[in-house]
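Asker: Enclosed is the structure file protein.pdb (PDB, C-alpha atoms).
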ATOM      1  CA  MET A   9       0.000   0.000   0.000
ATOM      2  CA  ALA A  10       1.320   3.433  -0.942
ATOM      3  CA  ARG A  11       2.285   5.571   2.000
ATOM      4  CA  THR A  12       0.693   8.990   2.345
ATOM      5  CA  PRO A  13       3.184  11.159   4.221
ATOM      6  CA  ARG A  14       2.179  13.741   6.764
ATOM      7  CA  THR A  15       3.106  17.189   5.536
ATOM      8  CA  VAL A  16       3.868  20.670   6.742
ATOM      9  CA  ARG A  17       3.008  23.714   4.685
ATOM     10  CA  LEU A  18       5.833  25.707   3.138
ATOM     11  CA  VAL A  19       6.175  29.011   1.302
ATOM     12  CA  VAL A  20       9.565  29.567  -0.335
ATOM     13  CA  ASP A  21      10.623  33.212  -0.721
ATOM     14  CA  THR A  22      13.645  33.275  -3.005
ATOM     15  CA  ASP A  23      15.883  35.770  -4.804
ATOM     16  CA  ALA A  24      16.424  32.952  -7.262
ATOM     17  CA  ALA A  25      18.346  34.895  -9.909
ATOM     18  CA  ASN A  26      20.776  36.454  -7.466
ATOM     19  CA  GLU A  27      23.412  33.734  -7.343
ATOM     20  CA  ALA A  28      23.541  29.989  -8.013
ATOM     21  CA  ASP A  29      22.434  28.263  -4.808
ATOM     22  CA  ASP A  30      18.761  29.276  -4.425
ATOM     23  CA  GLN A  31      18.047  26.939  -7.324
ATOM     24  CA  TYR A  32      19.188  23.903  -5.348
ATOM     25  CA  ALA A  33      17.071  24.879  -2.331
ATOM     26  CA  VAL A  34      13.937  25.437  -4.423
ATOM     27  CA  VAL A  35      14.348  22.090  -6.171
ATOM     28  CA  HIS A  36      14.994  20.331  -2.851
ATOM     29  CA  ALA A  37      11.762  21.727  -1.427
ATOM     30  CA  LEU A  38       9.729  20.697  -4.460
ATOM     31  CA  LEU A  39      11.100  17.139  -4.374
ATOM     32  CA  SER A  40      10.462  16.588  -0.644
ATOM     33  CA  GLU A  41       7.282  14.618  -0.017
ATOM     34  CA  THR A  42       6.728  15.906   3.523
ATOM     35  CA  LEU A  43       6.715  19.527   2.331
ATOM     36  CA  ASP A  44       3.474  20.831   0.856
ATOM     37  CA  VAL A  45       4.815  23.810  -1.072
ATOM     38  CA  ARG A  46       1.914  26.248  -0.974
ATOM     39  CA  GLY A  47       3.667  28.883  -3.027
ATOM     40  CA  ILE A  48       6.935  30.310  -4.277
ATOM     41  CA  VAL A  49       7.559  34.043  -3.927
ATOM     42  CA  PRO A  50      10.245  35.486  -6.220
ATOM     43  CA  ALA A  51      12.144  38.160  -4.306
ATOM     44  CA  HIS A  52      14.198  41.194  -5.262
ATOM     45  CA  PHE A  53      17.931  41.317  -4.539
ATOM     46  CA  GLY A  54      18.596  45.030  -4.670
ATOM     47  CA  ASP A  55      19.544  47.012  -7.742
ATOM     48  CA  ALA A  56      23.341  46.700  -7.810
ATOM     49  CA  ARG A  57      23.251  43.885 -10.367
ATOM     50  CA  SER A  58      19.885  44.489 -12.020
ATOM     51  CA  ALA A  59      17.164  47.121 -12.149
ATOM     52  CA  THR A  60      14.601  44.327 -12.439
ATOM     53  CA  SER A  61      15.860  41.868  -9.832
ATOM     54  CA  MET A  62      12.458  40.577  -8.678
ATOM     55  CA  ALA A  63      11.375  39.994 -12.276
ATOM     56  CA  ASP A  64      14.677  38.197 -12.869
ATOM     57  CA  SER A  65      13.936  35.933  -9.893
ATOM     58  CA  ARG A  66      10.456  35.252 -11.286
ATOM     59  CA  ALA A  67      11.931  34.159 -14.611
ATOM     60  CA  GLU A  68      14.365  31.838 -12.808
ATOM     61  CA  VAL A  69      11.588  30.252 -10.722
ATOM     62  CA  ASP A  70       9.506  29.700 -13.863
ATOM     63  CA  LEU A  71      12.497  28.068 -15.556
ATOM     64  CA  LEU A  72      13.117  25.710 -12.628
ATOM     65  CA  LEU A  73       9.489  24.598 -12.649
ATOM     66  CA  GLU A  74       9.644  24.036 -16.409
ATOM     67  CA  LEU A  75      12.841  21.978 -16.179
ATOM     68  CA  LEU A  76      11.241  19.849 -13.447
ATOM     69  CA  GLY A  77       8.108  19.361 -15.561
ATOM     70  CA  ARG A  78       6.042  21.095 -12.858
ATOM     71  CA  THR A  79       4.863  24.282 -14.528
ATOM     72  CA  GLY A  80       1.535  25.254 -12.983
ATOM     73  CA  SER A  81       1.872  22.755 -10.132
ATOM     74  CA  VAL A  82       2.518  25.384  -7.454
ATOM     75  CA  PRO A  83       1.394  29.020  -7.167
ATOM     76  CA  VAL A  84       4.071  31.600  -7.960
ATOM     77  CA  ALA A  85       3.291  35.056  -6.553
ATOM     78  CA  ASP A  86       5.624  37.966  -7.247
ATOM     79  CA  GLY A  87       7.226  39.600  -4.245
ATOM     80  CA  ALA A  88       8.181  43.227  -3.709
ATOM     81  CA  PRO A  89      10.335  44.840  -6.396
ATOM     82  CA  ARG A  90      12.250  46.894  -3.824
ATOM     83  CA  ALA A  91      13.153  47.156  -0.149
ATOM     84  CA  LEU A  92      10.954  48.686   2.531
ATOM     85  CA  PRO A  93      11.223  52.494   2.680
ATOM     86  CA  ASP A  94      11.124  52.376   6.501
ATOM     87  CA  GLU A  95      10.082  50.045   9.323
ATOM     88  CA  ARG A  96       6.414  51.062   9.241
ATOM     89  CA  THR A  97       5.521  50.888   5.559
ATOM     90  CA  PRO A  98       4.993  47.563   3.747
ATOM     91  CA  VAL A  99       5.666  47.050   0.071
ATOM     92  CA  ASP A 100       2.432  45.315  -0.850
ATOM     93  CA  SER A 101       2.678  42.487  -3.360
ATOM     94  CA  PRO A 102       0.975  39.243  -4.370
ATOM     95  CA  GLY A 103       3.770  37.405  -2.565
ATOM     96  CA  ALA A 104       3.169  39.173   0.740
ATOM     97  CA  ARG A 105      -0.558  38.544   0.360
ATOM     98  CA  LEU A 106       0.084  34.848  -0.284
ATOM     99  CA  ILE A 107       2.023  34.631   3.001
ATOM    100  CA  VAL A 108      -0.833  36.351   4.842
ATOM    101  CA  SER A 109      -3.426  34.067   3.260
ATOM    102  CA  GLU A 110      -1.543  30.909   4.169
ATOM    103  CA  ALA A 111      -0.858  32.112   7.714
ATOM    104  CA  LEU A 112      -4.553  32.855   8.317
ATOM    105  CA  ALA A 113      -5.828  29.722   6.553
ATOM    106  CA  ASP A 114      -8.002  27.255   8.455
ATOM    107  CA  ASP A 115      -5.363  24.530   8.364
ATOM    108  CA  GLU A 116      -4.045  22.706  11.418
ATOM    109  CA  ARG A 117      -0.687  21.983   9.837
ATOM    110  CA  PRO A 118       2.187  24.292  10.779
ATOM    111  CA  LEU A 119       3.345  26.825   8.214
ATOM    112  CA  PHE A 120       6.986  27.589   7.456
ATOM    113  CA  VAL A 121       8.202  30.499   5.346
ATOM    114  CA  THR A 122      11.784  30.055   4.178
ATOM    115  CA  SER A 123      13.361  33.372   3.212
ATOM    116  CA  LEU A 124      16.414  32.808   1.025
ATOM    117  CA  GLY A 125      17.058  36.493   0.356
ATOM    118  CA  PRO A 126      15.994  39.776   1.958
ATOM    119  CA  LEU A 127      13.104  39.678   4.422
ATOM    120  CA  THR A 128      11.064  42.257   2.488
ATOM    121  CA  ASP A 129       8.072  40.056   1.719
ATOM    122  CA  MET A 130       7.860  38.538   5.197
ATOM    123  CA  ALA A 131       8.132  41.968   6.815
ATOM    124  CA  SER A 132       5.482  43.348   4.480
ATOM    125  CA  ALA A 133       3.160  40.467   5.374
ATOM    126  CA  LEU A 134       3.609  41.240   9.088
ATOM    127  CA  LEU A 135       2.984  44.948   8.535
ATOM    128  CA  LEU A 136      -0.089  44.251   6.401
ATOM    129  CA  GLU A 137      -1.533  41.771   8.903
ATOM    130  CA  PRO A 138       0.154  41.725  12.338
ATOM    131  CA  ARG A 139      -2.117  38.884  13.495
ATOM    132  CA  ILE A 140      -0.080  36.369  11.545
ATOM    133  CA  ALA A 141       2.675  36.585  14.192
ATOM    134  CA  GLU A 142       0.267  34.817  16.540
ATOM    135  CA  ARG A 143      -0.323  31.877  14.197
ATOM    136  CA  ASP A 144       1.551  28.562  13.964
ATOM    137  CA  LEU A 145       4.096  30.179  11.673
ATOM    138  CA  THR A 146       7.873  29.826  11.633
ATOM    139  CA  VAL A 147      10.159  31.980   9.504
ATOM    140  CA  VAL A 148      13.504  30.446   8.527
ATOM    141  CA  TRP A 149      15.930  33.080   7.249
ATOM    142  CA  ILE A 150      19.223  32.597   5.480
ATOM    143  CA  GLY A 151      21.015  35.802   6.343
ATOM    144  CA  GLY A 152      22.662  38.090   8.811
ATOM    145  CA  PRO A 153      26.240  38.406  10.039
ATOM    146  CA  SER A 154      27.895  35.841  12.271
ATOM    147  CA  TYR A 155      27.716  35.964  16.051
ATOM    148  CA  GLY A 156      30.420  35.675  18.679
ATOM    149  CA  GLY A 157      33.112  37.731  17.003
ATOM    150  CA  ILE A 158      33.548  35.376  14.019
ATOM    151  CA  TRP A 159      35.186  37.291  11.181
ATOM    152  CA  ASP A 160      32.847  37.562   8.211
ATOM    153  CA  GLY A 161      35.124  39.205   5.704
ATOM    154  CA  PRO A 162      35.106  42.787   4.474
ATOM    155  CA  LYS A 163      31.687  42.866   2.788
ATOM    156  CA  PRO A 164      28.271  43.395   4.401
ATOM    157  CA  GLU A 165      26.064  40.305   4.625
ATOM    158  CA  PHE A 166      24.194  40.368   1.328
ATOM    159  CA  ASN A 167      20.667  39.325   2.268
ATOM    160  CA  LEU A 168      20.585  41.669   5.252
ATOM    161  CA  SER A 169      22.073  44.581   3.329
ATOM    162  CA  ASN A 170      19.334  44.365   0.713
ATOM    163  CA  ASP A 171      16.701  45.310   3.305
ATOM    164  CA  VAL A 172      17.850  46.237   6.807
ATOM    165  CA  HIS A 173      14.439  47.749   7.599
ATOM    166  CA  ALA A 174      12.720  44.449   6.818
ATOM    167  CA  ALA A 175      15.106  42.492   9.018
ATOM    168  CA  ASN A 176      14.357  44.798  11.935
ATOM    169  CA  VAL A 177      10.613  44.421  11.396
ATOM    170  CA  VAL A 178      10.791  40.621  11.448
ATOM    171  CA  PHE A 179      13.306  40.394  14.311
ATOM    172  CA  GLY A 180      11.230  42.841  16.319
ATOM    173  CA  SER A 181       7.928  41.066  15.702
ATOM    174  CA  GLY A 182       6.469  38.208  17.695
ATOM    175  CA  VAL A 183       6.833  35.640  14.927
ATOM    176  CA  GLU A 184       8.876  32.499  15.607
ATOM    177  CA  LEU A 185      12.167  33.036  13.777
ATOM    178  CA  TRP A 186      15.019  30.647  12.979
ATOM    179  CA  GLN A 187      18.128  32.349  11.612
ATOM    180  CA  VAL A 188      20.951  30.720   9.631
ATOM    181  CA  PRO A 189      23.769  33.316   9.694
ATOM    182  CA  ARG A 190      26.743  33.640   7.386
ATOM    183  CA  SER A 191      29.049  31.497   9.550
ATOM    184  CA  VAL A 192      26.784  28.509   8.823
ATOM    185  CA  TYR A 193      25.451  29.050   5.306
ATOM    186  CA  THR A 194      28.930  29.511   3.832
ATOM    187  CA  ARG A 195      29.930  25.992   4.943
ATOM    188  CA  VAL A 196      27.649  23.842   2.772
ATOM    189  CA  GLY A 197      30.490  23.232   0.372
ATOM    190  CA  VAL A 198      30.313  21.017  -2.691
ATOM    191  CA  GLY A 199      32.912  20.665  -5.452
ATOM    192  CA  TYR A 200      32.512  20.623  -9.209
ATOM    193  CA  ALA A 201      33.664  17.008  -9.404
ATOM    194  CA  GLU A 202      30.938  15.851  -7.031
ATOM    195  CA  LEU A 203      28.298  17.928  -8.802
ATOM    196  CA  GLU A 204      29.277  16.389 -12.146
ATOM    197  CA  GLU A 205      28.941  12.887 -10.685
ATOM    198  CA  ARG A 206      25.871  13.338  -8.499
ATOM    199  CA  VAL A 207      23.755  16.128 -10.021
ATOM    200  CA  ALA A 208      24.590  16.600 -13.707
ATOM    201  CA  PRO A 209      23.263  13.137 -14.764
ATOM    202  CA  CYS A 210      19.835  13.929 -13.266
ATOM    203  CA  GLY A 211      17.983  14.999 -16.381
ATOM    204  CA  ARG A 212      17.583  18.526 -17.716
ATOM    205  CA  ILE A 213      17.269  19.996 -14.254
ATOM    206  CA  GLY A 214      20.490  18.355 -13.049
ATOM    207  CA  ARG A 215      22.503  19.556 -16.009
ATOM    208  CA  TYR A 216      21.130  23.059 -15.595
ATOM    209  CA  LEU A 217      21.859  23.216 -11.873
ATOM    210  CA  VAL A 218      25.513  22.405 -12.452
ATOM    211  CA  ASP A 219      26.027  24.559 -15.531
ATOM    212  CA  GLN A 220      24.472  27.693 -14.039
ATOM    213  CA  LEU A 221      26.559  27.314 -10.878
ATOM    214  CA  VAL A 222      29.831  27.021 -12.803
ATOM    215  CA  ALA A 223      28.838  29.930 -15.050
ATOM    216  CA  TRP A 224      28.068  32.140 -12.051
ATOM    217  CA  ASN A 225      31.415  31.344 -10.449
ATOM    218  CA  ASP A 226      33.269  32.026 -13.690
ATOM    219  CA  GLU A 227      31.643  35.433 -13.999
ATOM    220  CA  HIS A 228      31.863  36.633 -10.414
ATOM    221  CA  HIS A 229      34.963  35.118  -8.799
ATOM    222  CA  PRO A 230      38.293  36.896  -9.326
ATOM    223  CA  ARG A 231      40.354  33.735  -8.785
ATOM    224  CA  ALA A 232      40.183  30.138  -9.967
ATOM    225  CA  ILE A 233      37.511  28.162  -8.105
ATOM    226  CA  GLU A 234      35.950  24.704  -8.344
ATOM    227  CA  HIS A 235      33.469  24.645  -5.495
ATOM    228  CA  ARG A 236      30.507  26.493  -4.062
ATOM    229  CA  SER A 237      28.504  26.557  -0.860
ATOM    230  CA  LEU A 238      24.832  25.688  -1.389
ATOM    231  CA  GLY A 239      24.135  28.259   1.253
ATOM    232  CA  ASP A 240      20.362  28.505   0.903
ATOM    233  CA  SER A 241      19.778  24.782   1.354
ATOM    234  CA  PRO A 242      19.961  24.775   5.191
ATOM    235  CA  ALA A 243      16.632  26.624   5.227
ATOM    236  CA  ILE A 244      14.968  23.644   3.563
ATOM    237  CA  GLY A 245      16.991  21.226   5.676
ATOM    238  CA  ALA A 246      15.880  22.966   8.860
ATOM    239  CA  VAL A 247      12.220  22.437   7.963
ATOM    240  CA  LEU A 248      12.813  18.824   6.958
ATOM    241  CA  ASN A 249      15.031  17.968   9.913
ATOM    242  CA  PRO A 250      15.263  20.593  12.677
ATOM    243  CA  GLN A 251      17.334  18.243  14.827
ATOM    244  CA  GLY A 252      19.978  18.183  12.103
ATOM    245  CA  ALA A 253      21.077  21.591  13.372
ATOM    246  CA  VAL A 254      22.670  22.930  16.509
ATOM    247  CA  TRP A 255      20.563  25.859  17.708
ATOM    248  CA  ARG A 256      21.142  28.555  20.298
ATOM    249  CA  ARG A 257      18.340  30.808  21.505
ATOM    250  CA  ARG A 258      19.529  34.406  21.536
ATOM    251  CA  ALA A 259      18.051  37.780  22.310
ATOM    252  CA  ALA A 260      16.872  39.272  19.033
ATOM    253  CA  PRO A 261      19.338  41.944  17.875
ATOM    254  CA  ARG A 262      18.670  45.165  16.048
ATOM    255  CA  PHE A 263      20.582  45.683  12.809
ATOM    256  CA  LEU A 264      22.267  49.028  12.275
ATOM    257  CA  ASP A 265      23.418  48.292   8.731
ATOM    258  CA  GLY A 266      24.387  45.333   6.579
ATOM    259  CA  ARG A 267      27.092  44.128   8.950
ATOM    260  CA  THR A 268      26.485  45.598  12.411
ATOM    261  CA  MET A 269      24.199  44.375  15.182
ATOM    262  CA  ALA A 270      23.222  46.069  18.441
ATOM    263  CA  GLU A 271      21.151  45.032  21.421
ATOM    264  CA  GLY A 272      17.487  44.772  20.484
ATOM    265  CA  PRO A 273      14.783  46.931  22.070
ATOM    266  CA  ASP A 274      13.094  43.970  23.815
ATOM    267  CA  PRO A 275      15.394  41.691  25.844
ATOM    268  CA  GLU A 276      12.541  39.168  26.149
ATOM    269  CA  ARG A 277      12.287  38.752  22.385
ATOM    270  CA  THR A 278      14.405  35.772  21.267
ATOM    271  CA  VAL A 279      15.227  33.969  18.034
ATOM    272  CA  LEU A 280      16.763  30.566  17.331
ATOM    273  CA  VAL A 281      20.166  30.917  15.695
ATOM    274  CA  CYS A 282      21.684  27.977  13.828
ATOM    275  CA  GLU A 283      25.309  27.339  14.800
ATOM    276  CA  GLU A 284      25.928  24.147  12.815
ATOM    277  CA  PHE A 285      24.076  21.971  10.313
ATOM    278  CA  ASP A 286      24.435  18.320   9.285
ATOM    279  CA  THR A 287      25.584  18.951   5.730
ATOM    280  CA  ARG A 288      26.142  15.258   5.033
ATOM    281  CA  TYR A 289      22.439  14.630   5.513
ATOM    282  CA  LEU A 290      21.466  17.796   3.674
ATOM    283  CA  LEU A 291      23.452  17.172   0.495
ATOM    284  CA  GLU A 292      22.840  13.424   0.339
ATOM    285  CA  ASP A 293      19.090  13.963   0.723
ATOM    286  CA  LEU A 294      19.079  16.434  -2.152
ATOM    287  CA  PHE A 295      21.187  14.204  -4.409
ATOM    288  CA  ALA A 296      19.026  11.132  -3.718
ATOM    289  CA  LYS A 297      15.785  13.004  -4.401
ATOM    290  CA  LEU A 298      17.143  14.412  -7.661
ATOM    291  CA  ARG A 299      18.229  10.947  -8.775
ATOM    292  CA  ARG A 300      14.877   9.413  -7.847
ATOM    293  CA  ALA A 301      12.863  12.179  -9.539
ATOM    294  CA  THR A 302      14.724  11.854 -12.839
ATOM    295  CA  ALA A 303      15.275   8.080 -12.961
ATOM    296  CA  GLY A 304      14.168   6.445 -16.197
TER     297      GLY A 304
END
Translate the structure of the given file into structure tokens.
Answerer:
Amino acid sequence: MARTPRTVRLVVDTDAANEADDQYAVVHALLSETLDVRGIVPAHFGDARSATSMADSRAEVDLLLELLGRTGSVPVADGAPRALPDERTPVDSPGARLIVSEALADDERPLFVTSLGPLTDMASALLLEPRIAERDLTVVWIGGPSYGGIWDGPKPEFNLSNDVHAANVVFGSGVELWQVPRSVYTRVGVGYAELEERVAPCGRIGRYLVDQLVAWNDEHHPRAIEHRSLGDSPAIGAVLNPQGAVWRRRAAPRFLDGRTMAEGPDPERTVLVCEEFDTRYLLEDLFAKLRRATAG
């Protein structure tokens, strides 16, 4: 008898055209039978690389669904085209409205929103409908600088820097928040040789995942490189297997800019911060699901 898995609801908010790792996280979510993907929200990623970054992410999401043979199988609702102007004003969008609708739905299953880019759409949803913070809703964010004095390099953390206002809205709200900071998401390393052996043979989607990753590295890295961190994938892994991470509950900080944190306004407000993730499980689960989905 076929097994009908229990599921949790998931909305994936993704700046899919920004780099080359969102694609792996989106595919992983879609291939996971315990995740009922209720929608994908293409997100902006600032204007430094493109004046149409949200639209670029939408095109990338549509392409991934087409390569998987799943066009039309999941709602895709455009997110905000730009960052919040301040911490009081939402940028309304179909994506933010989708999050609100799912959070308020009469459904006993928990809802997770994985934010793989800036928190603009999640913050807008909270500003549009503050009641959603009281629902069975967990936000999992890939972003923010490292804690504990770990050196992050000279550049601001990218996802945070693309909407500091939004991060402060979400961190200051009452919503349950799991954060995967830069010290963790940069350590999901995989090499070209392994990708060629494990991912490239998996149909059109496998070949595309590898080729677009190598092409992005070739264009953006100043030195020779043959690896990449699939840094957005821990968000999906955390929903699939929360015990695969080491978590520390911390007082929610306030962000001053794209790299600097200060003490938050409410010492009672806490967030779960990921300090380590089981990358063996994470990568092997993705590779096995890709192979199974494209077999034959």
Asker: So that I can see what lies close to Gly266 in chain A, please list as a PyMOL selection string the residues with an atom at most 8 Å from it, counting all atoms listed in the file and leaving out residues fewer than 4 positions away in the same chain.
Answerer: chain A and resi 152-153+164-166+168-170+172
Asker: Please measure the separation of CA of Gly87 in chain A and CA of Val20 in chain A, giving the value in Å to one decimal.
Answerer: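 Taking CA of Gly87 in chain A as the start and CA of Val20 in chain A as the end point, the length is 11.0 Å.
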Asker: Hey, which of A:Arg257, A:Leu18, A:Leu39, A:Glu74 ends up closest to Asp144 in chain A? Count all atoms listed in the file.
Answerer: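 For Asp144 in chain A, the nearest of the candidates is A:Leu18.
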Asker: How big is the axis-aligned box, and where does its centre sit, when it encloses all atoms of range 118-133 of chain A listed in the file and has 4 Å added on every side, reported in Å to one decimal as AutoDock Vina command-line options?
Answerer:
--center_x 9.6 --center_y 33.8 --center_z 5.6 --size_x 22.9 --size_y 27.1 --size_z 18.4
Asker: For range 63-121 of chain A against range 209-226 of chain A, with a cut-off of 8 Å and counting only C-alpha atoms, what is the closest atom pair and its distance in Å to one decimal for every residue that makes the cut, ordered by chain and number, as a Markdown table?
Answerer:
| residue | atom | partner | partner_atom | distance |
| --- | --- | --- | --- | --- |
| A:Leu72 | CA | A:Ile213 | CA | 7.2 |
| A:Leu75 | CA | A:Ile213 | CA | 5.2 |
| A:Leu76 | CA | A:Ile213 | CA | 6.1 |
Asker: For a quick check of understanding, using all atoms listed in the file, which of A:Ala88, A:Leu203, A:Ala301, A:Val147 has the smallest distance to Leu185 in chain A?
Answerer: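 Of the candidates, the smallest distance to Leu185 in chain A is held by A:Val147.
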Asker: With distances taken over all atoms listed in the file, which of A:Ile107, A:Ala85, A:Ala296, A:Val16 is nearest to Glu41 in chain A?
Answerer: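 The shortest atom-to-atom distance to Glu41 in chain A comes from A:Val16.
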Asker: Check which residues satisfy the PyMOL selection byres ((chain A and resi 131-133) around 7) in the file shown, then give them as a ChimeraX atom specification.
Answerer: /A:98-100,104-105,107-108,127-130,134-137,174,177-178
Asker: When you look at Met62 in chain A with a cut-off of 12 Å (counting all atoms listed in the file), what residues show up, excluding the ones that are within fewer than 3 positions of it in the same chain? I need them as a PyMOL selection string.
Answerer: chain A and resi 21-26+49-55+57-59+65-69+85-91+101+103+125-126+128-129
Asker: With all atoms listed in the file as the atoms that count, which of A:Ser154, A:Thr97, A:Gln31, A:Thr278 lies nearest to Trp186 in chain A?
Answerer: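 Ranked by minimum distance to Trp186 in chain A, first place goes to A:Thr278.
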Asker: Figure out the distance between CA of Thr146 in chain A and CA of Val247 in chain A, please, to one decimal in Å.
Answerer: 9.3 Å
Asker: Can you list, as number ranges by chain, every protein, DNA or RNA residue that comes within 12 Å of Lys297 in chain A when you count all atoms listed in the file, leaving out same-chain residues fewer than 3 positions away?
Answerer: A: 32, 35-41, 206-207, 210, 214, 290-294, 300-303
Asker: Identify the residues within 6 Å of coordinate (24.6, 24.6, 13.9) (same frame as the file), considering all atoms listed in the file, and give the answer as a ChimeraX atom specification.
Answerer: /A:253-255,282-285
Asker: Out of A:Thr287, A:Thr15, A:Thr268, A:Asn167, which residue has the shortest atom-to-atom distance to Tyr155 in chain A when counting all atoms listed in the file?
Answerer: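 Ranking A:Thr287, A:Thr15, A:Thr268, A:Asn167 by distance to Tyr155 in chain A, first place goes to A:Thr268.
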Asker: Which residues fall under the PyMOL selection byres ((chain A and resi 273) around 10) in this file, as a list in words?
Answerer: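 Applied to this file, the PyMOL selection byres ((chain A and resi 273) around 10) selects Gly180, Ala259, Ala260, Pro261, Arg262, Ala270, Glu271, Gly272, Asp274, Pro275, Glu276 and Arg277 of chain A.
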Asker: So, with all atoms listed in the file as the atoms that count, which of A:Leu248, A:Leu145, A:Ala232, A:Leu264 lies closest to Thr42 in chain A?
Answerer: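 For Thr42 in chain A, the nearest of the given residues is A:Leu248.
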Asker: Do you have the CA of Pro118 in chain A-CA of Tyr193 in chain A distance handy?
Answerer: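 CA of Tyr193 in chain A lies 24.4 Å from CA of Pro118 in chain A.
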Asker: List every protein, DNA or RNA residue with an atom no more than 10 Å from (32.6, 18.2, -0.6) in the file's coordinates, counting all atoms listed in the file, and format the result as a list in words.
Answerer: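 Within 10 Å of (32.6, 18.2, -0.6), the protein and nucleic acid residues are Arg195, Val196, Gly197, Val198, Gly199, Tyr200, Ala201, Glu202, Leu203, His235, Arg236, Ser237, Thr287, Arg288 and Leu291 of chain A.
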